[in-house]
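What's in data.txt: compact mmCIF, C-alpha atoms
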```txt
# COMPACT_ATOMS: atom_id res chain seq x y z
CA TRP A 72 -84.55 -184.72 -22.51
CA PRO A 73 -87.49 -186.93 -21.60
CA ALA A 74 -88.58 -189.29 -24.38
CA ARG A 75 -91.91 -187.51 -24.81
CA GLU A 76 -92.39 -189.07 -28.24
CA LEU A 77 -93.02 -192.41 -26.50
CA LEU A 78 -96.25 -190.90 -25.18
CA ASN A 79 -99.14 -189.83 -27.33
CA PRO A 80 -98.64 -186.04 -27.47
CA ASP A 81 -102.28 -185.60 -28.43
CA ASP A 82 -103.23 -186.74 -24.91
CA TYR A 83 -101.57 -183.64 -23.42
CA SER A 84 -102.59 -180.01 -23.78
CA VAL A 85 -99.47 -178.80 -21.94
CA MET A 86 -95.94 -180.17 -21.90
CA THR A 87 -93.71 -179.83 -18.85
CA ILE A 88 -90.08 -178.85 -18.87
CA LEU A 89 -87.52 -178.75 -16.07
CA THR A 90 -84.75 -176.15 -16.43
CA SER A 91 -83.11 -176.56 -13.02
CA ARG A 92 -83.17 -178.83 -9.98
CA GLY A 93 -83.03 -177.76 -6.38
CA CYS A 94 -83.91 -174.75 -4.29
CA PRO A 95 -81.50 -172.82 -2.04
CA PHE A 96 -84.14 -171.74 0.46
CA ASN A 97 -84.92 -173.35 3.79
CA CYS A 98 -88.71 -173.31 4.15
CA ILE A 99 -89.74 -175.79 6.85
CA TYR A 100 -92.44 -177.54 4.80
CA CYS A 101 -90.26 -178.49 1.85
CA ASP A 102 -88.96 -182.01 1.26
CA LYS A 103 -85.28 -181.70 0.41
CA GLY A 104 -84.97 -185.47 -0.04
CA ILE A 105 -85.53 -185.13 -3.78
CA SER A 106 -84.83 -181.48 -4.45
CA THR A 107 -81.71 -180.49 -2.56
CA ARG A 108 -80.63 -176.97 -1.54
CA LYS A 109 -77.87 -177.14 -4.16
CA VAL A 110 -79.30 -175.82 -7.42
CA LYS A 111 -78.20 -177.26 -10.74
CA PHE A 112 -79.04 -175.19 -13.83
CA ARG A 113 -79.22 -176.39 -17.40
CA SER A 114 -77.67 -174.24 -20.08
CA PRO A 115 -79.94 -171.65 -21.71
CA SER A 116 -79.15 -173.13 -25.14
CA ASP A 117 -80.19 -176.63 -24.08
CA ILE A 118 -83.39 -175.31 -22.50
CA PHE A 119 -84.28 -173.39 -25.65
CA GLU A 120 -83.50 -176.36 -27.92
CA GLU A 121 -85.79 -178.57 -25.83
CA MET A 122 -88.54 -175.94 -26.04
CA LYS A 123 -88.08 -175.76 -29.82
CA HIS A 124 -88.30 -179.55 -30.03
CA ILE A 125 -91.54 -179.57 -28.03
CA ALA A 126 -93.04 -176.80 -30.18
CA ALA A 127 -91.89 -178.08 -33.59
CA LYS A 128 -91.70 -181.87 -33.32
CA LEU A 129 -94.53 -182.45 -30.85
CA ASN A 130 -96.60 -179.48 -32.01
CA LYS A 131 -97.19 -178.28 -28.45
CA LYS A 132 -97.51 -174.55 -27.92
CA ARG A 133 -98.10 -174.53 -24.15
CA LEU A 134 -95.43 -175.27 -21.53
CA TYR A 135 -95.41 -175.61 -17.78
CA ILE A 136 -91.93 -174.89 -16.43
CA VAL A 137 -91.94 -177.01 -13.28
CA ASP A 138 -88.82 -175.64 -11.57
CA ASP A 139 -89.20 -174.75 -7.89
CA HIS A 140 -88.22 -171.18 -8.81
CA PHE A 141 -87.78 -170.41 -12.52
CA PHE A 142 -86.70 -166.80 -11.84
CA LEU A 143 -83.89 -167.82 -9.43
CA ASN A 144 -80.89 -167.27 -11.71
CA ARG A 145 -81.41 -163.92 -13.42
CA LYS A 146 -78.61 -164.46 -15.96
CA THR A 147 -79.95 -167.84 -17.08
CA LEU A 148 -83.53 -166.56 -17.07
CA GLU A 149 -82.74 -163.54 -19.23
CA SER A 150 -80.76 -165.66 -21.67
CA VAL A 151 -83.63 -168.16 -22.05
CA LEU A 152 -86.18 -165.35 -22.45
CA ASP A 153 -84.00 -163.63 -25.07
CA LYS A 154 -83.71 -166.88 -27.01
CA MET A 155 -87.48 -167.39 -26.85
CA ILE A 156 -88.13 -163.85 -28.09
CA ASN A 157 -85.43 -163.73 -30.78
CA GLY A 158 -86.16 -167.28 -31.92
CA ARG A 159 -89.86 -166.44 -32.25
CA LEU A 160 -90.71 -169.62 -30.38
CA GLY A 161 -94.40 -168.74 -30.16
CA VAL A 162 -95.27 -170.80 -27.10
CA ARG A 163 -97.33 -169.76 -24.08
CA TRP A 164 -95.97 -170.80 -20.70
CA VAL A 165 -96.55 -170.92 -16.96
CA CYS A 166 -93.93 -171.09 -14.21
CA GLN A 167 -93.40 -170.85 -10.47
CA ALA A 168 -91.44 -168.03 -8.84
CA ARG A 169 -90.85 -166.39 -5.49
CA VAL A 170 -92.21 -162.93 -4.76
CA ASP A 171 -88.80 -161.52 -3.83
CA CYS A 172 -87.35 -161.79 -7.35
CA ILE A 173 -89.91 -159.86 -9.36
CA SER A 174 -89.22 -156.64 -11.22
CA GLU A 175 -91.02 -154.73 -13.96
CA ASP A 176 -88.26 -155.25 -16.51
CA ILE A 177 -88.06 -159.02 -16.11
CA LEU A 178 -91.85 -159.31 -16.17
CA ARG A 179 -92.02 -157.34 -19.44
CA LYS A 180 -89.44 -159.64 -20.95
CA ALA A 181 -91.26 -162.74 -19.65
CA LYS A 182 -94.53 -161.45 -21.16
CA ASP A 183 -92.79 -160.82 -24.50
CA ALA A 184 -91.45 -164.39 -24.35
CA GLY A 185 -94.96 -165.83 -23.92
CA CYS A 186 -95.46 -166.01 -20.15
CA GLU A 187 -99.16 -166.14 -19.34
CA GLN A 188 -99.10 -167.07 -15.63
CA ILE A 189 -96.73 -167.06 -12.67
CA ILE A 190 -97.54 -169.19 -9.65
CA PHE A 191 -96.39 -167.62 -6.40
CA GLY A 192 -96.10 -169.60 -3.18
CA ILE A 193 -97.15 -166.80 -0.87
CA GLU A 194 -98.33 -169.51 1.58
CA THR A 195 -100.04 -167.23 4.12
CA GLY A 196 -101.39 -163.76 4.76
CA ASP A 197 -99.79 -163.60 8.20
CA GLU A 198 -96.25 -162.34 8.91
CA THR A 199 -95.92 -164.56 12.01
CA GLU A 200 -96.64 -167.66 9.94
CA LEU A 201 -94.19 -166.51 7.24
CA LYS A 202 -91.46 -166.21 9.85
CA TYR A 203 -92.37 -169.58 11.39
CA MET A 204 -92.08 -171.35 8.04
CA ARG A 205 -88.77 -169.58 7.26
CA LYS A 206 -90.08 -168.34 3.95
CA ASP A 207 -87.82 -165.25 4.05
CA THR A 208 -90.37 -163.13 2.21
CA THR A 209 -92.81 -160.48 3.39
CA LEU A 210 -96.42 -159.69 2.69
CA LEU A 211 -95.29 -156.36 1.22
CA GLU A 212 -93.11 -158.24 -1.29
CA ALA A 213 -96.03 -160.53 -2.08
CA GLU A 214 -98.40 -157.64 -2.69
CA SER A 215 -95.86 -155.84 -4.87
CA ALA A 216 -95.08 -158.98 -6.93
CA VAL A 217 -98.76 -159.65 -7.62
CA LYS A 218 -99.42 -156.03 -8.61
CA LEU A 219 -96.38 -155.90 -10.91
CA THR A 220 -97.29 -159.24 -12.48
CA LYS A 221 -100.84 -158.14 -13.21
CA LYS A 222 -99.58 -154.79 -14.52
CA ALA A 223 -97.36 -156.68 -16.98
CA GLY A 224 -100.43 -158.51 -18.30
CA ILE A 225 -99.51 -161.84 -16.71
CA THR A 226 -101.93 -163.77 -14.50
CA ALA A 227 -100.73 -164.22 -10.92
CA ARG A 228 -101.81 -167.45 -9.24
CA ILE A 229 -101.28 -167.66 -5.52
CA ASN A 230 -100.73 -170.82 -3.47
CA PHE A 231 -101.59 -170.83 0.25
CA MET A 232 -101.20 -173.35 3.07
CA ILE A 233 -103.05 -173.60 6.35
CA GLY A 234 -102.55 -175.56 9.54
CA PHE A 235 -99.15 -174.64 10.93
CA PRO A 236 -98.64 -175.04 14.68
CA VAL A 237 -98.70 -171.22 15.01
CA SER A 238 -101.90 -170.91 12.95
CA THR A 239 -105.05 -169.58 14.55
CA ARG A 240 -108.58 -169.05 13.27
CA GLN A 241 -107.63 -165.41 12.74
CA THR A 242 -104.49 -166.14 10.70
CA ILE A 243 -106.32 -168.46 8.30
CA SER A 244 -109.45 -166.37 7.79
```
Would you encode the structure as structure tokens?
Amino acid sequence: WPARELLNPDDYSVMTILTSRGCPFNCIYCDKGISTRKVKFRSPSDIFEEMKHIAAKLNKKRLYIVDDHFFLNRKTLESVLDKMINGRLGVRWVCQARVDCISEDILRKAKDAGCEQIIFGIETGDETELKYMRKDTTLLEAESAVKLTKKAGITARINFMIGFPVSTRQTIS
């Protein structure tokens, strides 16, 4: 775990945690020099113990899970969420996820575990641009994910990009 105690915890309102490294997708804008396509997951127990340490020892009740895609491994995700719920961790957290992995049941569990916001990289409102960037998601999936997230009582934050070679004034407006 990072030696967070070497910093002054009072200077930070949110602590970050990394539960996996890598992303298996092939979007054209992503730098795979640091984060490879091979994903390495930490164990759910280790993740939960680090969260407990942050909450108890550093007295921080807000986390930002900085993984490229926290919802990627459903088994690991559910195990972490179960530990957070059963362990009564009592932290609020934010994460990033793709729109093609969202379901009502996992969102309910995430909400019960303290999730307050999911950041979706929808990137564009144009199917042609989505195909160009090899995002492998659709606008229908994006719309559904946002609606389900809001229905679960979780804030959906959306990230967009503009300026691809196939972009036009119409696709970015």
Would you mind telling me which residue in A:Asp183, A:Glu198, A:Asp82, A:Asp139 lies nearest to Asp153 in chain A when using only C-alpha atoms?
A:Asp183
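The residue set within 8 Å of Thr90 in chain A, counting only C-alpha atoms and dropping same-chain residues fewer than 4 places from it, reads Phe112, Arg113, Ile118, Ile136, Val137, Asp138 and Phe141 of chain A.
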For a cut-off of 12 Å around (-91.0, -164.3, -28.9), file coordinates, pick out all residues using only C-alpha atoms and list them as a ChimeraX atom specification.
/A:119,123,151-164,179-186
For Glu212 in chain A: contacts at 10 Å, all atoms listed in the file, fewer than 4 positions along chain excluded, given as a PyMOL selection string
chain A and resi 169-173+193+208+216-218
Find the residues near Gln188 in chain A: any atom within 12 Å, counting all atoms listed in the file, skip ones fewer than 4 places away on the same chain, and give them as a PyMOL selection string.
chain A and resi 133-136+163-168+178+181-182+184+217+220-221+223-229
Pick out the closest residue to Val110 in chain A from this set: A:Phe191, A:Ile243, A:Pro236, A:His140. Count only C-alpha atoms.
A:His140
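Take the candidates A:Arg92, A:Lys206, A:Lys109, A:Arg75 and check each one against Lys131 in chain A using all atoms listed in the file; the shortest distance goes to A:Arg75.
Atom pair CA of Arg108 in chain A / CA of Thr242 in chain A has a distance of 28.9 Å (rounded to one decimal).
Using only C-alpha atoms, the nearest neighbour of Thr199 in chain A within the list A:Glu76, A:His124, A:Thr239, A:Tyr100 is A:Thr239.
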Determine the axis-aligned bounding box of all atoms of range 138-153 of chain A present in the file, pad each side by 6 Å, and express its centre and edge lengths in Å to one decimal place as AutoDock Vina command-line options.
```
--center_x -83.9 --center_y -169.6 --center_z -16.5 --size_x 22.6 --size_y 24.1 --size_z 29.2
```
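Between CA of Gly196 in chain A and CA of Gly234 in chain A there is a distance of 12.8 Å.
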Cut-off 9 Å around (-77.7, -171.5, -13.5) with only C-alpha atoms: residues as a PyMOL selection string:
chain A and resi 90-91+110-115+143-148
Mind writing the picked residues with C-alpha atoms as a PDB file, in the coordinates of the input?
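Below is the file again.pdb, written as the result:
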```
ATOM      1  CA  THR A  90     -84.750-176.150 -16.430  1.00  0.00           C
ATOM      2  CA  SER A  91     -83.110-176.560 -13.020  1.00  0.00           C
ATOM      3  CA  VAL A 110     -79.300-175.820  -7.420  1.00  0.00           C
ATOM      4  CA  LYS A 111     -78.200-177.260 -10.740  1.00  0.00           C
ATOM      5  CA  PHE A 112     -79.040-175.190 -13.830  1.00  0.00           C
ATOM      6  CA  ARG A 113     -79.220-176.390 -17.400  1.00  0.00           C
ATOM      7  CA  SER A 114     -77.670-174.240 -20.080  1.00  0.00           C
ATOM      8  CA  PRO A 115     -79.940-171.650 -21.710  1.00  0.00           C
ATOM      9  CA  LEU A 143     -83.890-167.820  -9.430  1.00  0.00           C
ATOM     10  CA  ASN A 144     -80.890-167.270 -11.710  1.00  0.00           C
ATOM     11  CA  ARG A 145     -81.410-163.920 -13.420  1.00  0.00           C
ATOM     12  CA  LYS A 146     -78.610-164.460 -15.960  1.00  0.00           C
ATOM     13  CA  THR A 147     -79.950-167.840 -17.080  1.00  0.00           C
ATOM     14  CA  LEU A 148     -83.530-166.560 -17.070  1.00  0.00           C
TER      15      LEU A 148
END
```
